[in-house]
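entry-v5.json follows (JSON, C-alpha atoms and all ligand atoms):
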```json
[["chain", "number", "residue", "atom", "x", "y", "z"],
["A", 225, "MET", "CA", 24.77, -23.14, 2.10],
["A", 226, "ALA", "CA", 25.46, -19.93, 0.12],
["A", 227, "ASN", "CA", 23.76, -16.82, 1.41],
["A", 228, "VAL", "CA", 21.28, -15.63, -1.24],
["A", 229, "TYR", "CA", 22.39, -11.99, -0.91],
["A", 230, "ASP", "CA", 26.07, -12.89, -1.39],
["A", 231, "VAL", "CA", 25.18, -14.76, -4.58],
["A", 232, "ALA", "CA", 22.99, -11.87, -5.77],
["A", 233, "TYR", "CA", 25.95, -9.47, -5.31],
["A", 234, "ALA", "CA", 28.13, -11.92, -7.27],
["A", 235, "LEU", "CA", 25.51, -11.84, -10.03],
["A", 236, "GLU", "CA", 25.45, -8.04, -9.98],
["A", 237, "LYS", "CA", 29.24, -8.07, -10.40],
["A", 238, "ALA", "CA", 29.08, -10.67, -13.20],
["A", 239, "ILE", "CA", 26.55, -8.47, -15.05],
["A", 240, "ARG", "CA", 28.74, -5.39, -14.61],
["A", 241, "ASP", "CA", 31.83, -7.32, -15.83],
["A", 242, "SER", "CA", 30.06, -8.95, -18.78],
["A", 243, "ASP", "CA", 31.01, -7.99, -22.35],
["A", 244, "ASP", "CA", 27.35, -7.25, -23.07],
["A", 245, "PHE", "CA", 27.05, -4.72, -20.26],
["A", 246, "LYS", "CA", 30.42, -3.11, -21.05],
["A", 247, "ARG", "CA", 29.41, -2.75, -24.69],
["A", 248, "LEU", "CA", 26.04, -1.27, -23.70],
["A", 249, "LYS", "CA", 27.74, 1.26, -21.41],
["A", 250, "GLN", "CA", 30.25, 2.18, -24.11],
["A", 251, "LEU", "CA", 27.54, 2.74, -26.73],
["A", 252, "TYR", "CA", 25.38, 4.61, -24.21],
["A", 253, "ASP", "CA", 28.28, 6.95, -23.45],
["A", 254, "ILE", "CA", 29.11, 7.50, -27.13],
["A", 255, "VAL", "CA", 25.50, 8.45, -27.94],
["A", 256, "ASN", "CA", 25.01, 10.59, -24.83],
["A", 257, "ASN", "CA", 28.34, 12.42, -25.09],
["A", 258, "ASP", "CA", 27.46, 13.69, -28.56],
["A", 259, "ALA", "CA", 24.95, 16.56, -28.28],
["A", 260, "SER", "CA", 23.12, 15.92, -31.56],
["A", 261, "SER", "CA", 22.90, 12.12, -31.07],
["A", 262, "LYS", "CA", 21.66, 12.68, -27.54],
["A", 263, "ARG", "CA", 19.00, 15.14, -28.73],
["A", 264, "LEU", "CA", 17.79, 12.71, -31.41],
["A", 265, "PHE", "CA", 17.73, 9.74, -29.07],
["A", 266, "ASP", "CA", 16.02, 11.64, -26.21],
["A", 267, "SER", "CA", 13.37, 12.92, -28.58],
["A", 268, "PHE", "CA", 12.79, 9.40, -29.95],
["A", 269, "ARG", "CA", 12.45, 8.02, -26.42],
["A", 270, "GLU", "CA", 10.02, 10.79, -25.51],
["A", 271, "THR", "CA", 7.83, 10.11, -28.56],
["A", 272, "GLN", "CA", 7.81, 6.39, -27.73],
["A", 273, "PHE", "CA", 6.90, 7.14, -24.11],
["A", 274, "GLU", "CA", 4.06, 9.48, -25.16],
["A", 275, "LEU", "CA", 2.64, 6.86, -27.52],
["A", 276, "GLN", "CA", 2.79, 4.22, -24.79],
["A", 277, "GLN", "CA", 1.05, 6.55, -22.34],
["A", 278, "LYS", "CA", -1.69, 7.27, -24.88],
["A", 279, "GLN", "CA", -2.18, 3.55, -25.52],
["A", 280, "MET", "CA", -2.32, 2.79, -21.79],
["A", 281, "MET", "CA", -4.85, 5.59, -21.21],
["A", 282, "GLY", "CA", -6.92, 4.39, -24.17],
["A", 283, "GLU", "CA", -6.43, 7.77, -25.93],
["A", 284, "ASP", "CA", -6.59, 8.07, -29.71],
["A", 285, "ILE", "CA", -3.29, 7.86, -31.52],
["A", 286, "SER", "CA", -3.41, 10.33, -34.43],
["A", 287, "GLU", "CA", -1.97, 9.83, -37.87],
["A", 288, "GLU", "CA", 0.39, 12.69, -36.99],
["A", 289, "ASP", "CA", 1.66, 10.76, -33.95],
["A", 290, "ILE", "CA", 2.34, 7.71, -36.10],
["A", 291, "GLN", "CA", 4.10, 9.75, -38.78],
["A", 292, "LYS", "CA", 6.28, 11.45, -36.17],
["A", 293, "ALA", "CA", 7.26, 8.10, -34.67],
["A", 294, "GLN", "CA", 8.00, 6.64, -38.12],
["A", 295, "GLN", "CA", 10.13, 9.62, -39.14],
["A", 296, "GLN", "CA", 12.14, 9.41, -35.96],
["A", 297, "PHE", "CA", 12.49, 5.66, -36.35],
["A", 298, "THR", "CA", 13.91, 6.19, -39.85],
["A", 299, "LEU", "CA", 16.34, 8.86, -38.59],
["A", 300, "ILE", "CA", 17.42, 6.60, -35.73],
["A", 301, "GLY", "CA", 17.98, 3.66, -38.07],
["A", 302, "GLN", "CA", 20.32, 5.80, -40.17],
["A", 303, "HIS", "CA", 22.32, 6.79, -37.12],
["A", 304, "GLU", "CA", 24.76, 3.92, -36.63],
["A", 305, "GLY", "CA", 25.63, 4.74, -33.00],
["A", 306, "ILE", "CA", 22.00, 4.84, -31.90],
["A", 307, "ALA", "CA", 21.09, 1.74, -33.90],
["A", 308, "GLN", "CA", 23.92, -0.15, -32.19],
["A", 309, "LEU", "CA", 22.88, 1.18, -28.78],
["A", 310, "MET", "CA", 19.32, 0.02, -29.32],
["A", 311, "GLN", "CA", 20.52, -3.46, -30.31],
["A", 312, "ALA", "CA", 22.71, -3.60, -27.20],
["A", 313, "GLU", "CA", 19.78, -2.48, -25.05],
["A", 314, "GLU", "CA", 17.53, -5.13, -26.52],
["A", 315, "ARG", "CA", 20.17, -7.79, -25.91],
["A", 316, "MET", "CA", 20.76, -6.70, -22.31],
["A", 317, "SER", "CA", 17.05, -6.60, -21.65],
["A", 318, "MET", "CA", 16.74, -10.21, -22.94],
["A", 319, "ILE", "CA", 19.61, -11.31, -20.67],
["A", 320, "ILE", "CA", 18.08, -9.64, -17.60],
["A", 321, "SER", "CA", 14.74, -11.21, -18.38],
["A", 322, "ASP", "CA", 16.44, -14.66, -18.71],
["A", 323, "LEU", "CA", 18.22, -14.15, -15.39],
["A", 324, "THR", "CA", 15.08, -13.14, -13.51],
["A", 325, "ARG", "CA", 13.26, -16.12, -15.04],
["A", 326, "VAL", "CA", 15.99, -18.42, -13.65],
["A", 327, "ILE", "CA", 15.76, -17.01, -10.12],
["A", 328, "MET", "CA", 11.93, -17.15, -10.19],
["A", 329, "LYS", "CA", 12.02, -20.90, -10.95],
["A", 330, "PRO", "CA", 11.87, -22.18, -7.36],
["A", 331, "LEU", "CA", 8.72, -20.13, -6.63],
["A", 332, "GLU", "CA", 7.23, -20.97, -10.00],
["A", 333, "GLU", "CA", 7.63, -24.68, -9.35],
["A", 334, "LEU", "CA", 5.91, -24.27, -5.99],
["A", 335, "TYR", "CA", 3.00, -22.13, -7.23],
["A", 336, "GLY", "CA", 2.83, -23.23, -10.86],
["A", 337, "ALA", "CA", 3.81, -21.09, -13.83],
["A", 338, "PRO", "CA", 1.84, -17.86, -14.26],
["A", 339, "GLU", "CA", -1.03, -18.10, -16.77],
["A", 340, "GLY", "CA", 0.21, -17.81, -20.33],
["A", 341, "LEU", "CA", 3.60, -19.32, -19.53],
["A", 342, "GLN", "CA", 2.20, -22.78, -18.89],
["B", 500, "MET", "CA", 34.96, -13.33, -15.58],
["B", 501, "ALA", "CA", 32.00, -15.33, -14.28],
["B", 502, "ASN", "CA", 29.32, -16.18, -16.84],
["B", 503, "VAL", "CA", 26.09, -14.42, -15.82],
["B", 504, "TYR", "CA", 23.97, -17.50, -16.43],
["B", 505, "ASP", "CA", 26.21, -19.70, -14.25],
["B", 506, "VAL", "CA", 25.88, -17.19, -11.41],
["B", 507, "ALA", "CA", 22.11, -16.97, -11.94],
["B", 508, "TYR", "CA", 21.87, -20.78, -11.62],
["B", 509, "ALA", "CA", 23.96, -20.56, -8.43],
["B", 510, "LEU", "CA", 21.47, -17.98, -7.14],
["B", 511, "GLU", "CA", 18.55, -20.23, -8.06],
["B", 512, "LYS", "CA", 20.20, -23.03, -6.06],
["B", 513, "ALA", "CA", 20.93, -20.71, -3.11],
["B", 514, "ILE", "CA", 17.24, -19.69, -3.05],
["B", 515, "ARG", "CA", 16.11, -23.34, -3.19],
["B", 516, "ASP", "CA", 18.55, -24.27, -0.38],
["B", 517, "SER", "CA", 17.70, -21.28, 1.82],
["B", 518, "ASP", "CA", 15.90, -21.80, 5.12],
["B", 519, "ASP", "CA", 13.29, -19.26, 4.04],
["B", 520, "PHE", "CA", 12.39, -21.19, 0.90],
["B", 521, "LYS", "CA", 12.42, -24.56, 2.66],
["B", 522, "ARG", "CA", 10.10, -23.20, 5.33],
["B", 523, "LEU", "CA", 7.79, -21.72, 2.70],
["B", 524, "LYS", "CA", 7.64, -25.04, 0.85],
["B", 525, "GLN", "CA", 6.96, -26.93, 4.09],
["B", 526, "LEU", "CA", 4.13, -24.60, 5.10],
["B", 527, "TYR", "CA", 2.73, -24.61, 1.56],
["B", 528, "ASP", "CA", 2.62, -28.41, 1.60],
["B", 529, "ILE", "CA", 1.03, -28.55, 5.04],
["B", 530, "VAL", "CA", -1.77, -26.17, 4.00],
["B", 531, "ASN", "CA", -2.33, -27.74, 0.58],
["B", 532, "ASN", "CA", -2.28, -31.33, 1.81],
["B", 533, "ASP", "CA", -5.17, -30.63, 4.18],
["B", 534, "ALA", "CA", -8.42, -30.46, 2.21],
["B", 535, "SER", "CA", -10.19, -27.95, 4.46],
["B", 536, "SER", "CA", -7.16, -25.64, 4.80],
["B", 537, "LYS", "CA", -6.67, -25.78, 1.06],
["B", 538, "ARG", "CA", -10.30, -24.89, 0.40],
["B", 539, "LEU", "CA", -10.15, -21.95, 2.81],
["B", 540, "PHE", "CA", -6.88, -20.66, 1.40],
["B", 541, "ASP", "CA", -7.93, -21.08, -2.26],
["B", 542, "SER", "CA", -11.18, -19.28, -1.63],
["B", 543, "PHE", "CA", -9.30, -16.44, 0.15],
["B", 544, "ARG", "CA", -6.89, -16.14, -2.78],
["B", 545, "GLU", "CA", -9.77, -16.08, -5.23],
["B", 546, "THR", "CA", -11.56, -13.30, -3.33],
["B", 547, "GLN", "CA", -8.33, -11.28, -3.22],
["B", 548, "PHE", "CA", -7.81, -11.82, -6.94],
["B", 549, "GLU", "CA", -11.38, -10.76, -7.75],
["B", 550, "LEU", "CA", -11.02, -7.58, -5.68],
["B", 551, "GLN", "CA", -7.73, -6.75, -7.42],
["B", 552, "GLN", "CA", -9.31, -7.30, -10.83],
["B", 553, "LYS", "CA", -12.22, -5.03, -9.93],
["B", 554, "GLN", "CA", -9.83, -2.32, -8.73],
["B", 555, "MET", "CA", -7.73, -2.60, -11.88],
["B", 556, "MET", "CA", -10.81, -2.41, -14.09],
["B", 557, "GLY", "CA", -12.11, 0.57, -12.11],
["B", 558, "GLU", "CA", -15.25, -1.39, -11.13],
["B", 559, "ASP", "CA", -17.16, -0.60, -7.95],
["B", 560, "ILE", "CA", -16.24, -2.64, -4.92],
["B", 561, "SER", "CA", -19.43, -3.36, -3.00],
["B", 562, "GLU", "CA", -19.86, -3.43, 0.76],
["B", 563, "GLU", "CA", -20.61, -7.15, 0.33],
["B", 564, "ASP", "CA", -17.22, -7.67, -1.37],
["B", 565, "ILE", "CA", -15.44, -5.94, 1.50],
["B", 566, "GLN", "CA", -17.37, -7.89, 4.14],
["B", 567, "LYS", "CA", -16.58, -11.18, 2.40],
["B", 568, "ALA", "CA", -12.87, -10.32, 2.27],
["B", 569, "GLN", "CA", -12.87, -9.26, 5.93],
["B", 570, "GLN", "CA", -14.63, -12.44, 7.03],
["B", 571, "GLN", "CA", -12.16, -14.59, 5.15],
["B", 572, "PHE", "CA", -9.27, -12.57, 6.51],
["B", 573, "THR", "CA", -10.52, -13.19, 10.05],
["B", 574, "LEU", "CA", -10.93, -16.93, 9.37],
["B", 575, "ILE", "CA", -7.45, -17.10, 7.83],
["B", 576, "GLY", "CA", -5.90, -15.27, 10.79],
["B", 577, "GLN", "CA", -7.36, -17.88, 13.14],
["B", 578, "HIS", "CA", -5.89, -20.69, 11.08],
["B", 579, "GLU", "CA", -2.32, -21.00, 12.35],
["B", 580, "GLY", "CA", -0.98, -22.94, 9.34],
["B", 581, "ILE", "CA", -2.32, -20.44, 6.82],
["B", 582, "ALA", "CA", -1.22, -17.43, 8.89],
["B", 583, "GLN", "CA", 2.31, -18.88, 9.02],
["B", 584, "LEU", "CA", 2.25, -19.63, 5.29],
["B", 585, "MET", "CA", 1.23, -16.06, 4.52],
["B", 586, "GLN", "CA", 4.06, -14.70, 6.67],
["B", 587, "ALA", "CA", 6.53, -16.98, 4.92],
["B", 588, "GLU", "CA", 5.18, -15.87, 1.51],
["B", 589, "GLU", "CA", 5.53, -12.23, 2.45],
["B", 590, "ARG", "CA", 9.08, -12.80, 3.62],
["B", 591, "MET", "CA", 10.06, -14.70, 0.46],
["B", 592, "SER", "CA", 8.49, -12.05, -1.70],
["B", 593, "MET", "CA", 10.57, -9.36, 0.11],
["B", 594, "ILE", "CA", 13.74, -11.41, -0.42],
["B", 595, "ILE", "CA", 13.04, -11.91, -4.14],
["B", 596, "SER", "CA", 12.32, -8.22, -4.53],
["B", 597, "ASP", "CA", 15.64, -7.41, -2.76],
["B", 598, "LEU", "CA", 17.53, -9.80, -5.04],
["B", 599, "THR", "CA", 16.03, -8.41, -8.24],
["B", 600, "ARG", "CA", 16.80, -4.88, -7.01],
["B", 601, "VAL", "CA", 20.47, -5.91, -6.58],
["B", 602, "ILE", "CA", 20.77, -7.36, -10.07],
["B", 603, "MET", "CA", 19.02, -4.32, -11.60],
["B", 604, "LYS", "CA", 21.63, -1.96, -10.08],
["B", 605, "PRO", "CA", 24.08, -1.87, -13.03],
["B", 606, "LEU", "CA", 21.31, -0.85, -15.46],
["B", 607, "GLU", "CA", 19.81, 1.54, -12.95],
["B", 608, "GLU", "CA", 23.13, 3.31, -12.55],
["B", 609, "LEU", "CA", 23.42, 3.63, -16.31],
["B", 610, "TYR", "CA", 19.88, 4.88, -16.95],
["B", 611, "GLY", "CA", 19.11, 6.49, -13.62],
["B", 612, "ALA", "CA", 16.66, 5.16, -11.06],
["B", 613, "PRO", "CA", 13.05, 4.85, -12.26],
["B", 614, "GLU", "CA", 10.82, 7.78, -11.30],
["B", 615, "GLY", "CA", 9.62, 7.53, -7.74],
["B", 616, "LEU", "CA", 12.73, 5.66, -6.62],
["B", 617, "GLN", "CA", 15.02, 8.67, -6.97],
["C", 1, "CA", "CA", 1.39, -24.84, -13.47],
["C", 2, "CA", "CA", 18.64, 9.16, -11.56]]
```
Rewrite the structure of this file - the entire thing - as structure tokens.
Ligand SMILES: [Ca+2]
Ligand SMILES: [Ca+2]
Amino acid sequence: MANVYDVAYALEKAIRDSDDFKRLKQLYDIVNNDASSKRLFDSFRETQFELQQKQMMGEDISEEDIQKAQQQFTLIGQHEGIAQLMQAEERMSMIISDLTRVIMKPLEELYGAPEGLQ
Amino acid sequence: MANVYDVAYALEKAIRDSDDFKRLKQLYDIVNNDASSKRLFDSFRETQFELQQKQMMGEDISEEDIQKAQQQFTLIGQHEGIAQLMQAEERMSMIISDLTRVIMKPLEELYGAPEGLQ
């Protein structure tokens, strides 16, 4: 019987060694090692975070907020490095969500799928 | 290079085969196959869920709500099968949270630990 922690460490290593993670890390480093790309990306992230916070707090989102987000989104889309990084992030986030779904299966079968997944 | 999905399935199997999961399943079946235990446990879960919902919605929690929860908690504590099941659930939930923390490490190292975990 394999120890669950040993297998989890093997999974951690497999993630680290995967092409998807290596590519993500490479793109992350390219964007963050270039001062102007980093500034653009950080500012985009901050705007996204502020909008999310406002939504969660039920605050009004102004037309100015939306315009700012759209402008940044356009800028980001024109920046090949950042666009590639965002695609790699989305892909990695899908993989991680698949993996956690797999390891939640035993409990899900015992308790039933959470509402909305049934 | 191990495929991440293969390793995730191995982890799923290791969880299923673990003594902790087998014990949880056994206790879950014992409680749920006895009509009166099941009723008690379901009603306890429902009360807990209602209290959580009220807290999340910022609704007032009445003295009656608290008394009801306390009474059920006392009843549950006296019911050996349910008390054991709850311990086994808590243990399994700690294990799962450990495992997901391990597989989140590569991304956490890249992006930095989430606020509050630093
Ligand atoms: Ca179900
Ligand atoms: Ca950090």
Chain B on chain A, least-squares, complete ordered Cα pairing, as a JSON list (two decimals) with C-alpha atoms, keeping the file's coordinate frame:
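This is the output file superposed_29.json:
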```
[["chain", "number", "residue", "atom", "x", "y", "z"],
["B", 500, "MET", "CA", 24.70, -23.11, 2.01],
["B", 501, "ALA", "CA", 25.40, -19.93, 0.06],
["B", 502, "ASN", "CA", 23.70, -16.78, 1.36],
["B", 503, "VAL", "CA", 21.25, -15.57, -1.30],
["B", 504, "TYR", "CA", 22.36, -11.96, -0.98],
["B", 505, "ASP", "CA", 26.05, -12.87, -1.46],
["B", 506, "VAL", "CA", 25.16, -14.74, -4.65],
["B", 507, "ALA", "CA", 22.98, -11.84, -5.83],
["B", 508, "TYR", "CA", 25.94, -9.46, -5.37],
["B", 509, "ALA", "CA", 28.11, -11.92, -7.33],
["B", 510, "LEU", "CA", 25.49, -11.82, -10.09],
["B", 511, "GLU", "CA", 25.45, -8.02, -10.03],
["B", 512, "LYS", "CA", 29.25, -8.07, -10.46],
["B", 513, "ALA", "CA", 29.05, -10.68, -13.26],
["B", 514, "ILE", "CA", 26.54, -8.45, -15.10],
["B", 515, "ARG", "CA", 28.77, -5.37, -14.65],
["B", 516, "ASP", "CA", 31.83, -7.33, -15.87],
["B", 517, "SER", "CA", 30.05, -8.94, -18.83],
["B", 518, "ASP", "CA", 31.00, -7.98, -22.38],
["B", 519, "ASP", "CA", 27.34, -7.24, -23.10],
["B", 520, "PHE", "CA", 27.08, -4.69, -20.30],
["B", 521, "LYS", "CA", 30.44, -3.10, -21.08],
["B", 522, "ARG", "CA", 29.42, -2.72, -24.71],
["B", 523, "LEU", "CA", 26.07, -1.23, -23.71],
["B", 524, "LYS", "CA", 27.78, 1.28, -21.42],
["B", 525, "GLN", "CA", 30.29, 2.20, -24.13],
["B", 526, "LEU", "CA", 27.58, 2.77, -26.74],
["B", 527, "TYR", "CA", 25.43, 4.65, -24.22],
["B", 528, "ASP", "CA", 28.33, 6.99, -23.46],
["B", 529, "ILE", "CA", 29.14, 7.53, -27.13],
["B", 530, "VAL", "CA", 25.54, 8.51, -27.93],
["B", 531, "ASN", "CA", 25.03, 10.64, -24.82],
["B", 532, "ASN", "CA", 28.35, 12.46, -25.08],
["B", 533, "ASP", "CA", 27.45, 13.75, -28.54],
["B", 534, "ALA", "CA", 24.94, 16.59, -28.23],
["B", 535, "SER", "CA", 23.12, 15.96, -31.52],
["B", 536, "SER", "CA", 22.92, 12.17, -31.04],
["B", 537, "LYS", "CA", 21.67, 12.71, -27.52],
["B", 538, "ARG", "CA", 18.99, 15.13, -28.68],
["B", 539, "LEU", "CA", 17.81, 12.73, -31.38],
["B", 540, "PHE", "CA", 17.76, 9.75, -29.04],
["B", 541, "ASP", "CA", 16.04, 11.63, -26.18],
["B", 542, "SER", "CA", 13.38, 12.92, -28.51],
["B", 543, "PHE", "CA", 12.83, 9.39, -29.90],
["B", 544, "ARG", "CA", 12.49, 8.00, -26.37],
["B", 545, "GLU", "CA", 10.05, 10.73, -25.46],
["B", 546, "THR", "CA", 7.86, 10.04, -28.50],
["B", 547, "GLN", "CA", 7.87, 6.32, -27.68],
["B", 548, "PHE", "CA", 6.96, 7.07, -24.07],
["B", 549, "GLU", "CA", 4.11, 9.37, -25.11],
["B", 550, "LEU", "CA", 2.70, 6.74, -27.48],
["B", 551, "GLN", "CA", 2.88, 4.09, -24.74],
["B", 552, "GLN", "CA", 1.11, 6.40, -22.29],
["B", 553, "LYS", "CA", -1.64, 7.09, -24.82],
["B", 554, "GLN", "CA", -2.09, 3.37, -25.46],
["B", 555, "MET", "CA", -2.22, 2.62, -21.74],
["B", 556, "MET", "CA", -4.76, 5.37, -21.15],
["B", 557, "GLY", "CA", -6.83, 4.16, -24.10],
["B", 558, "GLU", "CA", -6.39, 7.53, -25.86],
["B", 559, "ASP", "CA", -6.56, 7.83, -29.64],
["B", 560, "ILE", "CA", -3.26, 7.66, -31.46],
["B", 561, "SER", "CA", -3.40, 10.12, -34.34],
["B", 562, "GLU", "CA", -1.96, 9.65, -37.81],
["B", 563, "GLU", "CA", 0.38, 12.54, -36.92],
["B", 564, "ASP", "CA", 1.66, 10.61, -33.88],
["B", 565, "ILE", "CA", 2.39, 7.57, -36.02],
["B", 566, "GLN", "CA", 4.10, 9.63, -38.73],
["B", 567, "LYS", "CA", 6.27, 11.37, -36.14],
["B", 568, "ALA", "CA", 7.31, 8.02, -34.64],
["B", 569, "GLN", "CA", 8.04, 6.58, -38.08],
["B", 570, "GLN", "CA", 10.13, 9.58, -39.09],
["B", 571, "GLN", "CA", 12.16, 9.38, -35.92],
["B", 572, "PHE", "CA", 12.55, 5.64, -36.33],
["B", 573, "THR", "CA", 13.94, 6.18, -39.83],
["B", 574, "LEU", "CA", 16.34, 8.88, -38.58],
["B", 575, "ILE", "CA", 17.47, 6.64, -35.71],
["B", 576, "GLY", "CA", 18.04, 3.69, -38.06],
["B", 577, "GLN", "CA", 20.36, 5.85, -40.16],
["B", 578, "HIS", "CA", 22.36, 6.84, -37.11],
["B", 579, "GLU", "CA", 24.82, 3.99, -36.64],
["B", 580, "GLY", "CA", 25.68, 4.78, -33.00],
["B", 581, "ILE", "CA", 22.05, 4.89, -31.91],
["B", 582, "ALA", "CA", 21.12, 1.79, -33.92],
["B", 583, "GLN", "CA", 23.97, -0.10, -32.22],
["B", 584, "LEU", "CA", 22.94, 1.22, -28.80],
["B", 585, "MET", "CA", 19.37, 0.06, -29.35],
["B", 586, "GLN", "CA", 20.57, -3.42, -30.34],
["B", 587, "ALA", "CA", 22.76, -3.57, -27.25],
["B", 588, "GLU", "CA", 19.82, -2.43, -25.07],
["B", 589, "GLU", "CA", 17.57, -5.08, -26.56],
["B", 590, "ARG", "CA", 20.19, -7.74, -25.95],
["B", 591, "MET", "CA", 20.78, -6.66, -22.34],
["B", 592, "SER", "CA", 17.07, -6.55, -21.70],
["B", 593, "MET", "CA", 16.75, -10.16, -23.00],
["B", 594, "ILE", "CA", 19.61, -11.26, -20.73],
["B", 595, "ILE", "CA", 18.08, -9.60, -17.65],
["B", 596, "SER", "CA", 14.73, -11.15, -18.43],
["B", 597, "ASP", "CA", 16.42, -14.59, -18.76],
["B", 598, "LEU", "CA", 18.20, -14.12, -15.42],
["B", 599, "THR", "CA", 15.06, -13.07, -13.56],
["B", 600, "ARG", "CA", 13.22, -16.04, -15.09],
["B", 601, "VAL", "CA", 15.93, -18.36, -13.68],
["B", 602, "ILE", "CA", 15.71, -16.95, -10.17],
["B", 603, "MET", "CA", 11.89, -17.07, -10.25],
["B", 604, "LYS", "CA", 11.95, -20.82, -10.99],
["B", 605, "PRO", "CA", 11.79, -22.11, -7.38],
["B", 606, "LEU", "CA", 8.66, -20.04, -6.65],
["B", 607, "GLU", "CA", 7.17, -20.86, -10.02],
["B", 608, "GLU", "CA", 7.54, -24.57, -9.36],
["B", 609, "LEU", "CA", 5.84, -24.14, -6.00],
["B", 610, "TYR", "CA", 2.92, -22.01, -7.22],
["B", 611, "GLY", "CA", 2.73, -23.12, -10.83],
["B", 612, "ALA", "CA", 3.68, -21.01, -13.82],
["B", 613, "PRO", "CA", 1.70, -17.77, -14.23],
["B", 614, "GLU", "CA", -1.21, -18.01, -16.67],
["B", 615, "GLY", "CA", -0.07, -17.73, -20.25],
["B", 616, "LEU", "CA", 3.32, -19.27, -19.50],
["B", 617, "GLN", "CA", 1.93, -22.75, -18.89]]
```
Applying 12 Å and only C-alpha atoms, which residues near B:Ala587 remain after dropping the ones on its own chain fewer than 4 positions away? List them as a VMD selection string. chain B and resid 518 to 527 580 to 583 591 to 594
Write out, as a JSON list (two decimals), keeping the file's coordinate frame, the residues just selected, with C-alpha atoms.
```
[["chain", "number", "residue", "atom", "x", "y", "z"],
["B", 518, "ASP", "CA", 15.90, -21.80, 5.12],
["B", 519, "ASP", "CA", 13.29, -19.26, 4.04],
["B", 520, "PHE", "CA", 12.39, -21.19, 0.90],
["B", 521, "LYS", "CA", 12.42, -24.56, 2.66],
["B", 522, "ARG", "CA", 10.10, -23.20, 5.33],
["B", 523, "LEU", "CA", 7.79, -21.72, 2.70],
["B", 524, "LYS", "CA", 7.64, -25.04, 0.85],
["B", 525, "GLN", "CA", 6.96, -26.93, 4.09],
["B", 526, "LEU", "CA", 4.13, -24.60, 5.10],
["B", 527, "TYR", "CA", 2.73, -24.61, 1.56],
["B", 580, "GLY", "CA", -0.98, -22.94, 9.34],
["B", 581, "ILE", "CA", -2.32, -20.44, 6.82],
["B", 582, "ALA", "CA", -1.22, -17.43, 8.89],
["B", 583, "GLN", "CA", 2.31, -18.88, 9.02],
["B", 591, "MET", "CA", 10.06, -14.70, 0.46],
["B", 592, "SER", "CA", 8.49, -12.05, -1.70],
["B", 593, "MET", "CA", 10.57, -9.36, 0.11],
["B", 594, "ILE", "CA", 13.74, -11.41, -0.42]]
```
Would you pick out the contacts of A:Ser242 at 9 Å or less, using only C-alpha atoms, so that residues sharing its chain but fewer than 4 positions from it are not included, and give the list as an MDAnalysis selection string? (chainID A and resid 237:238 246:247) or (chainID B and resid 500:503)
Residues from last step as file, C-alpha atoms, as a compact mmCIF listing (two decimals), in the coordinates of the input:
```
# COMPACT_ATOMS: atom_id res chain seq x y z
CA LYS A 237 29.24 -8.07 -10.40
CA ALA A 238 29.08 -10.67 -13.20
CA LYS A 246 30.42 -3.11 -21.05
CA ARG A 247 29.41 -2.75 -24.69
CA MET B 500 34.96 -13.33 -15.58
CA ALA B 501 32.00 -15.33 -14.28
CA ASN B 502 29.32 -16.18 -16.84
CA VAL B 503 26.09 -14.42 -15.82
```
With all atoms listed in the file as the basis for distance, which of B:Glu511, B:Asp541, B:Asp533, B:Glu558 is at the shortest distance from chain A? B:Glu511
So how many Å separate atom CA of B:Ile602 and atom CA of A:Glu314, to one decimal?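 Distance between the two atoms: 16.9 Å.
For the atom pair formed by atom CA of A:Val231 and atom CA of B:Ala509, the distance is 7.1 Å, given to one decimal.
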Could you state the separation of atom CA of A:Phe297 and atom CA of A:Phe268 in Å, given to one decimal place?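 Between these atoms lies a distance of 7.4 Å.
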I'd like the contact shell of B:Leu550 - 10 Å cut-off, all atoms listed in the file, skipping same-chain residues fewer than 4 positions apart - returned as an MDAnalysis selection string. chainID B and resid 544:546 554:556 558:561 564:565 568
Residues just named, written with C-alpha atoms as a PDB file, in the frame of the given file:
```pdb
ATOM      1  CA  ARG B 544      -6.890 -16.140  -2.780  1.00  0.00           C
ATOM      2  CA  GLU B 545      -9.770 -16.080  -5.230  1.00  0.00           C
ATOM      3  CA  THR B 546     -11.560 -13.300  -3.330  1.00  0.00           C
ATOM      4  CA  GLN B 554      -9.830  -2.320  -8.730  1.00  0.00           C
ATOM      5  CA  MET B 555      -7.730  -2.600 -11.880  1.00  0.00           C
ATOM      6  CA  MET B 556     -10.810  -2.410 -14.090  1.00  0.00           C
ATOM      7  CA  GLU B 558     -15.250  -1.390 -11.130  1.00  0.00           C
ATOM      8  CA  ASP B 559     -17.160  -0.600  -7.950  1.00  0.00           C
ATOM      9  CA  ILE B 560     -16.240  -2.640  -4.920  1.00  0.00           C
ATOM     10  CA  SER B 561     -19.430  -3.360  -3.000  1.00  0.00           C
ATOM     11  CA  ASP B 564     -17.220  -7.670  -1.370  1.00  0.00           C
ATOM     12  CA  ILE B 565     -15.440  -5.940   1.500  1.00  0.00           C
ATOM     13  CA  ALA B 568     -12.870 -10.320   2.270  1.00  0.00           C
TER      14      ALA B 568
END
```
Sphere at (1.4, -24.2, -6.5), radius 10 Å, counting only C-alpha atoms: residues as a PyMOL selection string: (chain A and resi 331-337) or (chain B and resi 524+527-528+531)
Okay, now the selection with C-alpha atoms, as a PDB file, keeping the file's coordinate frame?
```pdb
ATOM      1  CA  LEU A 331       8.720 -20.130  -6.630  1.00  0.00           C
ATOM      2  CA  GLU A 332       7.230 -20.970 -10.000  1.00  0.00           C
ATOM      3  CA  GLU A 333       7.630 -24.680  -9.350  1.00  0.00           C
ATOM      4  CA  LEU A 334       5.910 -24.270  -5.990  1.00  0.00           C
ATOM      5  CA  TYR A 335       3.000 -22.130  -7.230  1.00  0.00           C
ATOM      6  CA  GLY A 336       2.830 -23.230 -10.860  1.00  0.00           C
ATOM      7  CA  ALA A 337       3.810 -21.090 -13.830  1.00  0.00           C
TER       8      ALA A 337
ATOM      9  CA  LYS B 524       7.640 -25.040   0.850  1.00  0.00           C
ATOM     10  CA  TYR B 527       2.730 -24.610   1.560  1.00  0.00           C
ATOM     11  CA  ASP B 528       2.620 -28.410   1.600  1.00  0.00           C
ATOM     12  CA  ASN B 531      -2.330 -27.740   0.580  1.00  0.00           C
TER      13      ASN B 531
END
```
